[in-house]
>>> print(open('input28.cif').read())   # mmCIF, C-alpha atoms
data_coords
#
loop_
_atom_site.label_atom_id
_atom_site.label_comp_id
_atom_site.auth_asym_id
_atom_site.auth_seq_id
_atom_site.Cartn_x
_atom_site.Cartn_y
_atom_site.Cartn_z
CA GLU A 157 -14.14 0.75 12.18
CA ALA A 158 -11.44 -0.02 14.77
CA GLU A 159 -7.93 -0.35 13.41
CA VAL A 160 -4.48 -1.28 14.60
CA ALA A 161 -2.31 1.84 14.80
CA GLN A 162 1.43 1.86 14.18
CA SER A 163 4.03 4.59 14.24
CA PRO A 164 6.14 5.75 12.64
CA ARG A 165 5.08 4.69 9.15
CA TYR A 166 8.60 5.15 7.82
CA LYS A 167 11.96 5.17 9.56
CA ILE A 168 15.42 5.69 8.12
CA THR A 169 18.37 5.08 10.39
CA GLU A 170 22.05 4.37 10.20
CA LYS A 171 23.47 1.03 11.21
CA SER A 172 24.40 0.70 14.90
CA GLN A 173 21.67 3.17 15.89
CA ALA A 174 18.68 2.24 18.03
CA VAL A 175 15.14 2.28 16.64
CA ALA A 176 11.76 1.74 18.21
CA PHE A 177 8.33 1.02 16.77
CA TRP A 178 5.01 1.48 18.50
CA CYS A 179 1.75 -0.41 18.10
CA ASP A 180 -1.71 0.21 19.52
CA PRO A 181 -3.98 -2.80 18.97
CA ILE A 182 -7.73 -2.82 18.57
CA SER A 183 -9.38 -2.20 21.94
CA GLY A 184 -10.18 -5.45 23.71
CA HIS A 185 -7.77 -7.58 21.71
CA ALA A 186 -5.70 -9.58 24.18
CA THR A 187 -3.32 -11.07 21.64
CA LEU A 188 -0.72 -8.90 19.92
CA TYR A 189 1.80 -9.95 17.28
CA TRP A 190 4.89 -8.39 15.73
CA TYR A 191 5.92 -9.58 12.28
CA ARG A 192 8.83 -8.74 10.00
CA GLN A 193 8.36 -8.79 6.24
CA ILE A 194 11.34 -8.72 3.92
CA LEU A 195 10.60 -7.50 0.40
CA GLY A 196 9.14 -10.26 -1.76
CA GLN A 197 8.43 -12.61 1.12
CA GLY A 198 5.49 -13.26 3.42
CA PRO A 199 5.43 -11.85 6.95
CA GLU A 200 7.38 -13.78 9.59
CA LEU A 201 6.26 -13.83 13.23
CA LEU A 202 8.79 -12.29 15.60
CA VAL A 203 6.88 -12.25 18.89
CA GLN A 204 3.39 -12.94 20.21
CA PHE A 205 1.89 -11.51 23.41
CA GLN A 206 -1.12 -12.70 25.34
CA ASP A 207 -2.00 -9.67 27.45
CA GLU A 208 1.38 -8.58 28.86
CA SER A 209 3.03 -12.01 28.63
CA VAL A 210 5.20 -13.28 25.80
CA VAL A 211 3.86 -16.60 24.51
CA ASP A 212 6.17 -17.02 21.52
CA ASP A 213 9.44 -15.22 20.79
CA SER A 214 11.25 -18.14 19.20
CA GLN A 215 12.05 -16.16 16.02
CA LEU A 216 13.04 -12.93 17.75
CA PRO A 217 16.79 -12.19 17.50
CA LYS A 218 17.16 -11.55 21.18
CA ASP A 219 20.70 -10.20 21.00
CA ARG A 220 19.42 -7.03 19.36
CA PHE A 221 15.61 -7.10 19.39
CA SER A 222 13.33 -6.57 22.37
CA ALA A 223 9.59 -6.23 22.71
CA GLU A 224 7.37 -5.23 25.57
CA ARG A 225 3.70 -4.80 26.31
CA LEU A 226 3.85 -3.54 29.87
CA LYS A 227 0.18 -2.89 30.58
CA GLY A 228 -1.19 -5.44 28.16
CA VAL A 229 -2.38 -2.81 25.73
CA ASP A 230 0.09 -1.03 23.43
CA SER A 231 3.48 -2.45 22.59
CA THR A 232 6.98 -1.36 21.59
CA LEU A 233 9.48 -3.24 19.45
CA LYS A 234 13.08 -2.09 19.71
CA ILE A 235 16.20 -2.86 17.70
CA GLN A 236 19.59 -1.97 19.13
CA PRO A 237 21.90 -1.80 17.29
CA ALA A 238 20.26 -1.81 13.88
CA GLU A 239 22.01 -3.72 11.10
CA LEU A 240 21.70 -3.42 7.33
CA GLY A 241 19.81 -6.73 7.19
CA ASP A 242 17.08 -5.34 9.44
CA SER A 243 15.67 -3.26 6.58
CA ALA A 244 12.12 -4.55 6.22
CA MET A 245 8.48 -3.83 6.95
CA TYR A 246 7.55 -4.34 10.60
CA LEU A 247 3.91 -5.26 11.04
CA CYS A 248 1.80 -5.35 14.17
CA ALA A 249 -1.40 -7.37 14.41
CA SER A 250 -3.96 -8.07 17.10
CA SER A 251 -6.71 -10.58 17.65
CA PHE A 252 -9.43 -11.40 20.15
CA LEU A 253 -8.23 -14.64 21.69
CA TYR A 254 -7.10 -16.71 18.67
CA THR A 255 -9.54 -15.51 16.02
CA GLU A 256 -8.54 -13.81 12.78
CA GLN A 257 -5.73 -11.28 13.04
CA PHE A 258 -6.08 -7.61 12.18
CA PHE A 259 -2.95 -5.98 10.86
CA GLY A 260 -1.76 -2.42 11.08
CA PRO A 261 -0.25 -0.47 8.17
CA GLY A 262 3.30 -1.34 9.19
CA THR A 263 6.55 0.58 9.70
CA ARG A 264 8.98 0.50 6.80
CA LEU A 265 12.53 0.53 8.17
CA THR A 266 15.54 1.40 6.05
CA VAL A 267 18.97 0.93 7.59
CA LEU A 268 21.79 2.78 5.83
CA ASP B 205 0.63 -26.02 10.14
CA ALA B 206 -0.34 -27.76 6.94
CA LYS B 207 1.91 -27.08 3.94
CA THR B 208 0.00 -25.25 1.21
CA THR B 209 0.81 -24.86 -2.47
CA GLN B 210 -0.42 -21.92 -4.55
CA PRO B 211 0.35 -20.68 -8.04
CA THR B 212 2.90 -17.89 -8.08
CA SER B 213 0.71 -15.52 -10.06
CA MET B 214 -2.62 -15.23 -11.83
CA ASP B 215 -4.41 -12.75 -14.05
CA CYS B 216 -8.13 -12.01 -14.08
CA ALA B 217 -10.18 -9.56 -16.11
CA GLU B 218 -11.97 -6.83 -14.20
CA GLY B 219 -15.59 -7.76 -13.54
CA ARG B 220 -15.00 -11.47 -13.87
CA ALA B 221 -14.80 -14.00 -11.06
CA ALA B 222 -11.29 -14.63 -9.76
CA ASN B 223 -10.74 -18.24 -8.68
CA LEU B 224 -7.60 -18.76 -6.62
CA PRO B 225 -6.65 -22.40 -5.98
CA CYS B 226 -4.78 -23.82 -3.01
CA ASN B 227 -3.56 -27.35 -2.41
CA HIS B 228 -3.26 -28.53 1.20
CA SER B 229 -3.08 -32.31 0.92
CA THR B 230 -1.48 -32.74 4.37
CA ILE B 231 -4.08 -30.75 6.26
CA SER B 232 -5.22 -32.43 9.47
CA GLY B 233 -8.80 -32.80 10.60
CA ASN B 234 -8.74 -29.90 13.04
CA GLU B 235 -6.86 -27.43 10.87
CA TYR B 236 -8.77 -24.61 9.28
CA VAL B 237 -8.11 -23.09 5.86
CA TYR B 238 -7.52 -19.35 6.20
CA TRP B 239 -7.14 -16.78 3.43
CA TYR B 240 -5.48 -13.41 3.83
CA ARG B 241 -4.49 -10.88 1.21
CA GLN B 242 -1.94 -8.09 1.13
CA ILE B 243 -2.37 -5.08 -1.08
CA HIS B 244 0.87 -3.36 -1.99
CA SER B 245 2.45 -1.46 0.91
CA GLN B 246 -0.33 -2.38 3.33
CA GLY B 247 -0.63 -4.95 6.11
CA PRO B 248 -2.31 -8.29 5.40
CA GLN B 249 -6.09 -8.38 5.54
CA TYR B 250 -8.16 -11.33 6.71
CA ILE B 251 -10.60 -12.56 4.05
CA ILE B 252 -12.28 -15.77 5.12
CA HIS B 253 -11.71 -19.14 6.74
CA GLY B 254 -13.38 -22.54 6.81
CA LEU B 255 -13.03 -26.05 8.17
CA LYS B 256 -14.97 -28.34 5.84
CA ASN B 257 -18.09 -26.52 4.75
CA ASN B 258 -18.15 -23.88 2.04
CA GLU B 259 -18.18 -20.38 3.42
CA THR B 260 -19.27 -17.01 2.05
CA ASN B 261 -18.95 -13.50 3.38
CA GLU B 262 -19.10 -10.01 1.95
CA MET B 263 -15.63 -10.31 0.47
CA ALA B 264 -15.41 -13.79 -0.99
CA SER B 265 -16.49 -17.41 -1.09
CA LEU B 266 -14.40 -20.36 0.01
CA ILE B 267 -14.99 -23.74 -1.58
CA ILE B 268 -13.30 -26.67 0.19
CA THR B 269 -13.24 -30.08 -1.48
CA GLU B 270 -14.89 -32.96 0.34
CA ASP B 271 -11.53 -34.62 1.05
CA ARG B 272 -10.21 -31.23 2.28
CA LYS B 273 -7.05 -31.57 0.20
CA SER B 274 -7.67 -28.40 -1.76
CA SER B 275 -9.76 -25.27 -1.77
CA THR B 276 -10.63 -22.34 -3.99
CA LEU B 277 -11.09 -18.73 -3.00
CA ILE B 278 -13.60 -16.98 -5.24
CA LEU B 279 -13.83 -13.21 -5.67
CA PRO B 280 -17.15 -13.01 -7.55
CA HIS B 281 -16.68 -9.72 -9.39
CA ALA B 282 -13.03 -8.73 -9.32
CA THR B 283 -12.11 -5.04 -9.34
CA LEU B 284 -8.75 -3.32 -9.78
CA ARG B 285 -8.62 -2.92 -5.99
CA ASP B 286 -8.46 -6.70 -5.64
CA THR B 287 -4.94 -6.70 -7.09
CA ALA B 288 -2.89 -8.15 -4.24
CA VAL B 289 -0.94 -11.14 -2.94
CA TYR B 290 -3.32 -13.80 -1.62
CA TYR B 291 -2.13 -16.20 1.07
CA CYS B 292 -3.71 -19.59 1.77
CA ILE B 293 -2.81 -20.94 5.21
CA GLY B 294 -3.74 -24.12 7.03
CA LEU B 295 -3.64 -23.95 10.81
CA ASN B 296 -5.32 -24.70 14.07
CA ARG B 297 -7.19 -21.82 15.65
CA ASP B 298 -4.43 -21.23 18.23
CA ASP B 299 -1.48 -21.81 15.91
CA LYS B 300 0.75 -19.05 14.70
CA ILE B 301 0.34 -18.07 11.06
CA ILE B 302 3.13 -19.10 8.74
CA PHE B 303 2.84 -17.10 5.53
CA GLY B 304 4.20 -18.59 2.32
CA LYS B 305 4.79 -16.59 -0.85
CA GLY B 306 1.12 -16.61 -1.85
CA THR B 307 -0.42 -15.92 -5.25
CA ARG B 308 0.08 -12.54 -6.86
CA LEU B 309 -3.28 -11.72 -8.45
CA HIS B 310 -3.35 -9.11 -11.20
CA ILE B 311 -6.74 -7.70 -12.14
CA LEU B 312 -6.61 -6.48 -15.72
CA PRO B 313 -8.71 -3.50 -16.87
#
>>> encode(input="input28.cif", output="structure tokens")
Amino acid sequence: EAEVAQSPRYKITEKSQAVAFWCDPISGHATLYWYRQILGQGPELLVQFQDESVVDDSQLPKDRFSAERLKGVDSTLKIQPAELGDSAMYLCASSFLYTEQFFGPGTRLTVL
Amino acid sequence: DAKTTQPTSMDCAEGRAANLPCNHSTISGNEYVYWYRQIHSQGPQYIIHGLKNNETNEMASLIITEDRKSSTLILPHATLRDTAVYYCIGLNRDDKIIFGKGTRLHILP
């Protein structure tokens, strides 16, 4: 069964360092999402791509976060510089048009 | 998105049916009811969705009241692996998902 791949699964970094997360969606899924999930809360959408275009980045802290999906397939989410409050699970999901979303296993980020 | 209200937590005995309620009294006519669940340390998993008719798939059944103000997700024979946080969400097909805090379901051996 096709799955959304994410790497790394775990990342520990010091504050002010740069971090990057990678996501490979299910083949054929044009829509890709990045979510952030703080412990004890539901996931919060950071950015949504339709193919290579951003369609919603209203909740993305653009001073330090960036996301790209250059060829409309895999995607990278970057944080520079990381802050203590960025410690969270970062989830990637994909969907075919606007049907149900399929989530990857996530990257757990710890900022020290 | 329609605001949804779910109990914070529920217990269910293994092998019994788990019935998870959700209130969505402000849901509009073109908003679907979606259910996702999240097992500990994993990404959310889609379960089922419906508009106004009851729906059933290999994972669960979704019962939506005639006035569409509430619904119930039914796991017919709960197992320990069904222990998770269950999210009820009301949205249009092209809306972004807004997750609440969901219901933490504990399946008891």
>>> residues_around(input="input28.cif", residues="Ile168 (chain A)", least_positions_apart="2", cutoff="7 Å", atoms="all atoms listed in the file", output="PyMOL selection string")
chain A and resi 166+265-267
>>> interface_residues(input="input28.cif", of="chain B", to="chain A", cutoff="10 Å", atoms="only C-alpha atoms", output="list in words")
Tyr238, Trp239, Tyr240, Gln242, Ser245, Gln246, Gly247, Pro248, Gln249, Tyr250, Ile251, Ile252, His253, Val289, Tyr291, Asn296, Arg297, Asp298, Asp299, Lys300, Ile301, Ile302, Phe303, Gly304, Lys305 and Gly306 of chain B
>>> residues_around(input="input28.cif", residues="region 213-224 of chain B", least_positions_apart="2", cutoff="12 Å", atoms="only C-alpha atoms", output="number ranges by chain")
B: 209-211, 226-227, 239-241, 263-268, 274-292, 305-313
>>> residues_around(input="input28.cif", residues="region 227-241 of chain A", least_positions_apart="5", cutoff="10 Å", atoms="all atoms listed in the file", output="number ranges by chain")
A: 160-163, 169-190, 194, 202-203, 205-209, 217-222, 246, 248, 265-268
>>> residues_around(input="input28.cif", residues="Leu255 (chain B)", least_positions_apart="2", cutoff="7 Å", atoms="only C-alpha atoms", output="list in words")
Glu235, Tyr236, Val237 and Asn257 of chain B
>>> atom_distance(input="input28.cif", atom1="CA of Asp213 (chain A)", atom2="CA of Leu226 (chain A)")
15.8 Å
>>> atom_distance(input="input28.cif", atom1="CA of Ile293 (chain B)", atom2="CA of Ile231 (chain B)")
9.9 Å
>>> atom_distance(input="input28.cif", atom1="CA of Gly233 (chain B)", atom2="CA of Asn261 (chain B)")
23.0 Å
>>> decode(input="input28.cif", residues="region 264-277 of chain B", atoms="C-alpha atoms", output="PDB file, in the first residue's frame")
ATOM      1  CA  ALA B 264     -16.234   1.804  10.933  1.00  0.00           C
ATOM      2  CA  SER B 265     -19.797   2.985  10.507  1.00  0.00           C
ATOM      3  CA  LEU B 266     -20.941   6.592  10.578  1.00  0.00           C
ATOM      4  CA  ILE B 267     -24.462   7.392  11.682  1.00  0.00           C
ATOM      5  CA  ILE B 268     -25.607  10.963  10.969  1.00  0.00           C
ATOM      6  CA  THR B 269     -28.857  12.219  12.468  1.00  0.00           C
ATOM      7  CA  GLU B 270     -31.575  13.354  10.084  1.00  0.00           C
ATOM      8  CA  ASP B 271     -31.128  17.004  11.104  1.00  0.00           C
ATOM      9  CA  ARG B 272     -27.336  16.581  10.660  1.00  0.00           C
ATOM     10  CA  LYS B 273     -26.643  18.228  14.014  1.00  0.00           C
ATOM     11  CA  SER B 274     -24.830  15.219  15.411  1.00  0.00           C
ATOM     12  CA  SER B 275     -23.244  11.963  14.395  1.00  0.00           C
ATOM     13  CA  THR B 276     -21.818   8.803  15.905  1.00  0.00           C
ATOM     14  CA  LEU B 277     -18.776   6.862  14.805  1.00  0.00           C
TER      15      LEU B 277
END
